[in-house]
>>> print(open('entry_23.txt').read())   # compact mmCIF, C-alpha atoms
# COMPACT_ATOMS: atom_id res chain seq x y z
CA MET A 1 -105.50 -3.68 -39.52
CA ASP A 2 -106.27 -4.42 -35.84
CA GLY A 3 -103.83 -5.39 -33.11
CA ASP A 4 -104.14 -9.15 -33.66
CA GLU A 5 -103.43 -8.84 -37.36
CA THR A 6 -100.49 -6.59 -36.65
CA MET A 7 -99.12 -9.15 -34.18
CA ARG A 8 -99.62 -12.03 -36.65
CA ALA A 9 -97.85 -10.10 -39.36
CA ALA A 10 -94.99 -9.47 -36.97
CA CYS A 11 -94.93 -13.18 -36.04
CA GLU A 12 -94.73 -14.17 -39.71
CA THR A 13 -91.87 -11.76 -40.24
CA ILE A 14 -89.96 -12.86 -37.17
CA ASP A 15 -90.63 -16.60 -37.33
CA PRO A 16 -87.81 -17.42 -39.79
CA LEU A 17 -85.38 -15.72 -37.41
CA LEU A 18 -86.49 -17.46 -34.22
CA SER A 19 -84.23 -20.47 -34.69
CA ALA A 20 -81.17 -18.27 -35.09
CA PHE A 21 -82.33 -16.20 -32.12
CA ALA A 22 -82.71 -19.33 -29.98
CA ASP A 23 -79.16 -20.35 -30.88
CA GLY A 24 -77.84 -16.90 -29.95
CA GLU A 25 -76.74 -16.16 -33.48
CA LEU A 26 -78.42 -12.74 -33.83
CA PHE A 27 -76.92 -9.47 -32.66
CA GLY A 28 -77.68 -5.75 -32.56
CA SER A 29 -81.02 -4.25 -33.59
CA GLU A 30 -82.28 -7.50 -35.03
CA ARG A 31 -81.83 -9.26 -31.74
CA GLU A 32 -83.42 -6.34 -29.79
CA MET A 33 -86.43 -6.35 -32.10
CA ILE A 34 -87.04 -10.05 -31.58
CA GLU A 35 -86.51 -9.76 -27.85
CA ARG A 36 -89.19 -7.07 -27.72
CA HIS A 37 -91.56 -9.19 -29.79
CA VAL A 38 -90.96 -12.39 -27.86
CA ALA A 39 -91.54 -10.57 -24.58
CA GLY A 40 -95.06 -9.71 -25.70
CA CYS A 41 -95.89 -12.80 -27.81
CA ALA A 42 -96.53 -16.06 -26.01
CA VAL A 43 -96.63 -18.04 -29.25
CA CYS A 44 -93.19 -16.92 -30.42
CA ARG A 45 -91.82 -17.31 -26.89
CA GLY A 46 -93.01 -20.90 -26.90
CA THR A 47 -91.41 -21.44 -30.30
CA VAL A 48 -88.08 -20.11 -29.01
CA GLU A 49 -88.26 -22.41 -25.97
CA THR A 50 -88.99 -25.36 -28.25
CA TYR A 51 -86.01 -24.54 -30.48
CA ARG A 52 -83.73 -24.30 -27.45
CA THR A 53 -84.96 -27.57 -25.95
CA VAL A 54 -84.66 -29.46 -29.23
CA GLY A 55 -81.28 -27.92 -30.01
CA LEU A 56 -79.87 -28.87 -26.62
CA ALA A 57 -81.17 -32.42 -26.92
CA LEU A 58 -79.74 -32.71 -30.42
CA ARG A 59 -76.30 -31.52 -29.35
CA GLU A 60 -76.28 -33.92 -26.39
CA HIS A 61 -77.21 -36.77 -28.71
CA VAL A 62 -74.40 -35.90 -31.12
CA ALA A 63 -71.94 -35.69 -28.22
CA ALA A 64 -73.05 -39.10 -26.97
CA GLU A 65 -72.64 -40.63 -30.44
CA ALA A 66 -69.16 -39.12 -30.74
CA ALA A 67 -68.24 -40.56 -27.35
CA VAL A 68 -69.33 -44.06 -28.44
CA VAL A 69 -67.29 -43.87 -31.66
CA SER A 70 -64.24 -42.54 -29.84
CA ALA A 71 -64.53 -45.18 -27.14
CA ALA A 72 -64.39 -47.93 -29.73
CA LEU A 73 -61.20 -46.58 -31.24
CA THR A 74 -59.15 -45.35 -28.31
CA TRP A 75 -57.52 -46.51 -25.10
CA PRO A 76 -59.58 -46.64 -21.86
CA PRO A 77 -58.35 -43.29 -20.48
CA ARG A 78 -59.39 -41.56 -23.67
CA ARG A 79 -62.74 -43.32 -23.59
CA ARG A 80 -63.30 -41.92 -20.14
CA ALA A 81 -62.38 -38.49 -21.38
CA PHE A 82 -64.74 -38.61 -24.33
CA ARG A 83 -67.56 -40.04 -22.26
CA VAL A 84 -67.98 -36.64 -20.63
CA PRO A 85 -70.72 -34.74 -22.54
CA VAL A 86 -69.33 -31.75 -24.32
CA LEU A 87 -72.08 -29.44 -23.06
CA THR A 88 -71.97 -30.50 -19.41
CA PRO A 89 -70.73 -27.44 -17.54
CA ARG A 90 -69.48 -29.35 -14.47
CA ARG A 91 -66.99 -31.49 -16.40
CA PRO A 92 -65.74 -29.71 -19.50
CA LEU A 93 -63.75 -31.69 -22.05
CA ASN A 94 -60.23 -32.07 -20.74
CA TYR A 95 -58.12 -31.55 -23.82
CA HIS A 96 -54.96 -32.24 -21.82
CA VAL A 97 -56.18 -35.73 -20.91
CA ALA A 98 -57.37 -36.38 -24.44
CA ARG A 99 -54.02 -35.35 -25.93
CA ARG A 100 -51.86 -37.35 -23.52
CA SER A 101 -50.76 -40.74 -24.78
CA HIS A 102 -50.84 -43.72 -22.48
CA PRO A 103 -47.53 -44.98 -21.01
CA TRP A 104 -48.33 -48.70 -21.21
CA PRO A 105 -47.30 -49.20 -24.85
CA VAL A 106 -43.97 -47.51 -24.16
CA LEU A 107 -43.42 -49.54 -20.99
CA ALA A 108 -44.40 -52.74 -22.78
CA GLY A 109 -41.95 -52.00 -25.58
CA ALA A 110 -39.18 -51.22 -23.10
CA ALA A 111 -39.88 -54.44 -21.22
CA ALA A 112 -39.82 -56.50 -24.41
CA LEU A 113 -36.55 -54.91 -25.47
CA ALA A 114 -35.07 -55.51 -22.01
CA MET A 115 -36.06 -59.17 -22.15
CA GLY A 116 -34.46 -59.46 -25.57
CA VAL A 117 -31.20 -57.89 -24.41
CA ILE A 118 -31.13 -60.03 -21.25
CA GLY A 119 -31.87 -63.14 -23.30
CA LEU A 120 -29.07 -62.33 -25.71
CA ALA A 121 -26.70 -61.65 -22.82
CA THR A 122 -27.67 -64.94 -21.22
CA PHE A 123 -27.10 -66.76 -24.49
CA ARG A 124 -23.68 -65.22 -24.81
CA ALA A 125 -22.86 -65.91 -21.17
CA GLU A 126 -23.69 -69.58 -21.68
CA GLY A 127 -21.03 -69.97 -24.34
CA PRO A 128 -18.18 -72.46 -24.28
CA PRO A 129 -16.24 -73.11 -21.06
CA ALA A 130 -13.29 -70.98 -20.04
CA ASN A 131 -10.24 -71.14 -22.30
CA PHE A 132 -12.09 -73.30 -24.77
CA VAL A 133 -10.25 -73.18 -28.09
CA GLU A 134 -11.18 -74.98 -31.25
CA ILE A 135 -8.34 -74.97 -33.74
CA GLU A 136 -9.64 -74.84 -37.28
CA ARG A 137 -6.42 -74.58 -39.25
CA VAL A 138 -2.70 -74.36 -38.58
CA ASP A 139 -0.08 -73.68 -41.23
CA ALA A 140 3.53 -72.98 -40.32
CA SER A 141 6.97 -72.78 -41.81
CA GLY A 142 8.02 -75.78 -39.74
CA PRO A 143 6.62 -78.53 -37.53
CA VAL A 144 3.78 -77.49 -35.27
CA LEU A 145 2.61 -78.92 -31.98
CA VAL A 146 -0.91 -78.29 -30.78
CA LEU A 147 -1.73 -78.99 -27.17
CA PRO A 148 -5.47 -78.74 -26.60
CA GLY A 149 -6.44 -77.23 -23.28
CA LYS A 150 -8.16 -79.59 -20.87
CA GLY A 151 -9.94 -78.81 -17.65
CA GLY A 152 -9.69 -75.07 -18.11
CA GLN A 153 -6.05 -75.20 -19.19
CA MET A 154 -4.95 -73.06 -22.10
CA THR A 155 -4.45 -74.42 -25.57
CA ILE A 156 -0.89 -74.12 -26.85
CA ILE A 157 0.29 -73.81 -30.43
CA TRP A 158 4.01 -74.36 -30.65
CA VAL A 159 6.04 -73.64 -33.77
CA PHE A 160 9.37 -75.46 -34.01
CA GLU A 161 11.65 -72.69 -35.05
CA ALA A 162 14.06 -73.32 -32.22
CA ASP A 163 15.66 -76.36 -30.64
CA GLU A 164 13.11 -79.14 -30.53
CA ARG A 165 13.93 -79.82 -26.88
CA SER A 166 12.28 -76.53 -25.94
CA ALA A 167 8.83 -77.76 -26.89
CA PRO A 168 6.26 -78.31 -24.16
CA GLU A 169 5.91 -81.79 -22.73
CA ALA A 170 3.03 -83.25 -24.66
CA THR A 171 2.14 -85.37 -27.58
CA ALA A 172 1.38 -83.77 -30.87
CA ILE A 173 -2.07 -84.28 -32.33
CA MET B 1 -48.73 -36.27 -12.89
CA ARG B 2 -47.98 -39.86 -11.91
CA ARG B 3 -48.74 -41.12 -15.40
CA SER B 4 -46.52 -38.46 -16.86
CA VAL B 5 -43.63 -39.64 -14.68
CA ILE B 6 -44.23 -43.26 -15.68
CA HIS B 7 -44.45 -42.24 -19.30
CA ARG B 8 -41.16 -40.39 -19.17
CA ALA B 9 -39.50 -43.25 -17.28
CA GLY B 10 -40.68 -45.66 -19.94
CA LEU B 11 -39.29 -43.48 -22.68
CA LEU B 12 -35.98 -43.17 -20.84
CA ILE B 13 -35.72 -46.92 -20.39
CA ALA B 14 -36.53 -47.45 -24.05
CA VAL B 15 -33.85 -45.00 -25.12
CA VAL B 16 -31.24 -46.56 -22.82
CA LEU B 17 -32.05 -50.06 -23.99
CA LEU B 18 -32.01 -49.04 -27.62
CA GLY B 19 -28.60 -47.50 -27.04
CA ALA B 20 -27.38 -50.66 -25.39
CA ALA B 21 -28.74 -52.74 -28.24
CA ALA B 22 -27.05 -50.49 -30.77
CA ALA B 23 -23.76 -50.71 -28.87
CA TRP B 24 -24.18 -54.47 -28.68
CA GLY B 25 -24.66 -54.64 -32.42
CA GLN B 26 -21.30 -53.02 -33.02
CA SER B 27 -19.59 -56.22 -31.73
CA ALA B 28 -16.61 -54.62 -30.07
CA VAL B 29 -13.81 -57.07 -29.27
CA ASN B 30 -11.28 -56.63 -26.53
CA LEU B 31 -7.98 -58.34 -27.21
CA ASN B 32 -5.02 -58.53 -24.92
CA VAL B 33 -1.62 -59.66 -26.16
CA GLN B 34 1.21 -60.53 -23.80
CA VAL B 35 4.64 -61.09 -25.32
CA ILE B 36 6.84 -63.29 -23.18
CA HIS B 37 10.50 -64.13 -23.61
CA ALA B 38 11.28 -67.63 -22.40
CA SER B 39 14.87 -68.69 -21.95
CA ASN B 40 17.13 -70.74 -19.75
CA THR B 41 19.13 -67.74 -18.64
CA GLY B 42 18.12 -67.33 -15.02
CA LYS B 43 15.34 -68.81 -12.99
CA ALA B 44 12.60 -66.27 -12.61
CA VAL B 45 9.03 -65.82 -13.63
CA ASP B 46 7.80 -62.29 -14.10
CA PRO B 47 5.23 -61.52 -11.35
CA ALA B 48 2.94 -60.11 -14.03
CA LEU B 49 2.65 -63.64 -15.42
CA ALA B 50 1.17 -65.07 -12.22
CA LYS B 51 -2.12 -65.91 -13.92
CA ILE B 52 -0.47 -68.18 -16.49
CA ARG B 53 2.43 -69.39 -14.37
CA SER B 54 1.00 -72.89 -14.12
CA GLN B 55 0.73 -73.01 -17.88
CA LEU B 56 4.33 -71.97 -18.32
CA SER B 57 5.45 -75.01 -16.40
CA SER B 58 4.62 -77.02 -19.52
CA PHE B 59 7.69 -75.58 -21.20
CA LYS B 60 11.29 -76.55 -20.58
CA TYR B 61 12.45 -73.05 -19.79
CA THR B 62 13.51 -71.62 -16.48
CA ASN B 63 13.17 -67.90 -17.06
CA TYR B 64 10.08 -66.05 -18.25
CA ALA B 65 10.10 -62.30 -18.79
CA LEU B 66 7.09 -60.26 -19.83
CA LEU B 67 8.32 -58.03 -22.64
CA GLU B 68 5.10 -56.29 -23.53
CA THR B 69 1.42 -56.20 -22.72
CA ARG B 70 -0.83 -54.65 -25.30
CA PRO B 71 -4.56 -54.51 -24.61
CA PHE B 72 -6.70 -52.97 -27.29
CA THR B 73 -10.27 -52.79 -28.46
CA THR B 74 -11.11 -53.52 -32.03
CA ALA B 75 -14.10 -54.62 -34.05
CA ILE B 76 -15.12 -57.75 -35.86
CA GLY B 77 -13.57 -57.60 -39.30
CA ALA B 78 -10.79 -55.20 -38.33
CA LYS B 79 -7.18 -56.35 -38.75
CA HIS B 80 -4.60 -55.41 -36.21
CA ALA B 81 -0.84 -55.74 -36.60
CA MET B 82 1.77 -55.40 -33.89
CA PRO B 83 5.52 -55.82 -34.08
CA LEU B 84 7.22 -58.53 -32.08
CA PRO B 85 10.79 -58.36 -30.81
CA GLY B 86 13.30 -59.40 -33.47
CA GLY B 87 11.40 -57.86 -36.35
CA LYS B 88 8.57 -60.35 -36.56
CA ILE B 89 5.00 -59.14 -37.04
CA LEU B 90 1.95 -60.50 -35.26
CA ASP B 91 -1.32 -60.01 -37.15
CA LEU B 92 -4.66 -60.48 -35.42
CA TYR B 93 -7.90 -60.61 -37.33
CA PRO B 94 -11.10 -61.25 -35.36
CA TYR B 95 -13.39 -62.17 -38.20
CA GLY B 96 -16.54 -63.29 -36.43
CA VAL B 97 -18.39 -64.56 -33.40
CA SER B 98 -19.97 -67.97 -33.61
CA GLY B 99 -21.58 -70.15 -30.95
CA GLY B 100 -20.38 -67.87 -28.17
CA SER B 101 -16.78 -68.02 -29.40
CA LEU B 102 -14.58 -65.46 -31.08
CA GLU B 103 -13.25 -66.52 -34.46
CA LEU B 104 -9.70 -65.35 -34.82
CA LEU B 105 -7.04 -65.47 -37.52
CA VAL B 106 -3.48 -65.13 -36.23
CA THR B 107 -0.35 -64.93 -38.30
CA ILE B 108 3.28 -64.41 -37.38
CA THR B 109 5.54 -63.32 -40.19
CA ASP B 110 9.29 -62.76 -40.32
CA GLY B 111 9.86 -60.71 -43.42
CA ALA B 112 8.55 -62.76 -46.31
CA LYS B 113 8.54 -65.91 -44.20
CA ARG B 114 5.21 -66.96 -42.73
CA VAL B 115 6.15 -68.51 -39.42
CA LEU B 116 2.58 -69.31 -38.40
CA ASP B 117 -0.85 -68.94 -39.95
CA THR B 118 -3.75 -70.28 -37.93
CA THR B 119 -7.45 -69.79 -37.37
CA PHE B 120 -9.28 -70.85 -34.24
CA ARG B 121 -12.31 -70.17 -32.10
CA LEU B 122 -11.68 -68.75 -28.65
CA SER B 123 -14.20 -68.72 -25.82
CA ASN B 124 -15.20 -65.40 -24.34
CA GLY B 125 -12.45 -64.39 -21.92
CA GLY B 126 -10.28 -67.31 -22.96
CA THR B 127 -6.54 -67.33 -23.60
CA ILE B 128 -4.39 -69.22 -26.06
CA LEU B 129 -0.61 -69.49 -26.02
CA VAL B 130 1.37 -69.32 -29.23
CA GLY B 131 5.07 -70.10 -28.84
CA GLY B 132 8.17 -71.13 -30.63
CA PRO B 133 9.47 -68.19 -32.68
CA THR B 134 13.10 -67.69 -31.75
CA HIS B 135 14.29 -64.55 -30.04
CA ALA B 136 17.74 -63.87 -28.59
CA ASP B 137 18.76 -66.82 -26.45
CA GLY B 138 15.27 -68.21 -26.17
CA VAL B 139 11.85 -68.14 -27.75
CA LEU B 140 8.83 -65.92 -27.79
CA ILE B 141 5.53 -67.00 -26.27
CA VAL B 142 2.52 -64.91 -27.12
CA ALA B 143 -0.56 -65.11 -24.89
CA ILE B 144 -3.66 -63.93 -26.72
CA SER B 145 -6.83 -63.27 -24.74
CA GLY B 146 -10.12 -62.16 -26.19
CA SER B 147 -13.42 -60.98 -24.81
CA PHE B 148 -16.44 -59.60 -26.59
>>> encode(input="entry_23.txt", output="structure tokens")
Amino acid sequence: MDGDETMRAACETIDPLLSAFADGELFGSEREMIERHVAGCAVCRGTVETYRTVGLALREHVAAEAAVVSAALTWPPRRRAFRVPVLTPRRPLNYHVARRSHPWPVLAGAAALAMGVIGLATFRAEGPPANFVEIERVDASGPVLVLPGKGGQMTIIWVFEADERSAPEATAI
Amino acid sequence: MRRSVIHRAGLLIAVVLLGAAAAWGQSAVNLNVQVIHASNTGKAVDPALAKIRSQLSSFKYTNYALLETRPFTTAIGAKHAMPLPGGKILDLYPYGVSGGSLELLVTITDGAKRVLDTTFRLSNGGTILVGGPTHADGVLIVAISGSF
């Protein structure tokens, strides 16, 4: 067996491990053995470079797809956060931004509730005029005089238990 | 940082408004009862009755004394009884709010005798005068005010 055959046999042995090596998944003696082989074998070195290039492109593609899906389902700030590629070293994924909820829904809810409360208060404030009284029923042990309030005056209900001359000056209704 | 502050402010406002709405839903009613003794013994009007002095001129009495003022807070559907001078009992029962008015049931009883039994609607902050029950040398006039 000459040198070329020895190298080819080594390539065939190592080839199944090159993908894992390119992804940095090998350790110890296995990794050292492949490093030694790749340093002296242009073919395997090219294969490792190809694995790394394809792997990087694939991961970037997956990250981009994930960003599109997330953007369609989340609020604008989150879309901006997910738009950053996961593997870009200059702008790593900001988990704090992604986790933070947006204040607008809370503010919108508070504003709607405030408008409701103000509307209810306005409705109540626009009730009947001052000292308005609507008598629905009067039962008494004796004669009763009801003087409806007019022009802001108070309504009077007078029960004739005492001397009739003490009644207020008005006509009974 | 700025968004965090806005977020917390929004939450705070929401909590405050929810609390206000909850408090509003409890429908607290403030009632104020003034018990006045009207007679022809003397010619004086209690200074504390200045707000209703013009109303008192409708009656043929010369002396008006404020015997008792009892403000209290109650709730819709809660009955409240208070004794009047001479052993009579005044019962107040705010039973609802309708059209911006307080619906009130008022009774005055003297033992088993029902002197007065009436229901009426009172505007917010309004006052009604109920008079006639005898007391000493005159009569009692009860001013009932309600706000909600």
>>> closest_residue(input="entry_23.txt", among="B:Gly146, B:Asp117, B:Ile128, B:Leu90", to="Leu56 of chain B", atoms="all atoms listed in the file")
B:Ile128
>>> interface_residues(input="entry_23.txt", of="chain A", to="chain B", cutoff="6 Å", atoms="only C-alpha atoms", output="PyMOL selection string")
chain A and resi 103+106-107+110+124+127-128+130-141+154-162+166+168-169
>>> residues_around(input="entry_23.txt", residues="Asp46 of chain B", least_positions_apart="4", cutoff="12 Å", atoms="only C-alpha atoms", output="list in words")
Gln34, Val35, Ile36, His37, Ala38, Gly42, Ala50, Lys51, Ile52, Arg53, Leu56, Thr62, Asn63, Tyr64, Ala65, Leu66, Leu67 and Glu68 of chain B
>>> atom_distance(input="entry_23.txt", atom1="atom CA of Ile14 of chain A", atom2="atom CA of Ile34 of chain A")
6.9 Å
>>> atom_distance(input="entry_23.txt", atom1="atom CA of Tyr95 of chain B", atom2="atom CA of Gly77 of chain B")
4.7 Å
>>> atom_distance(input="entry_23.txt", atom1="atom CA of Val29 of chain B", atom2="atom CA of Ile89 of chain B")
20.5 Å
>>> residues_around(input="entry_23.txt", residues="segment 23-25 of chain A", least_positions_apart="3", cutoff="9 Å", atoms="all atoms listed in the file", output="PyMOL selection string")
chain A and resi 18-20+31+51-52+55
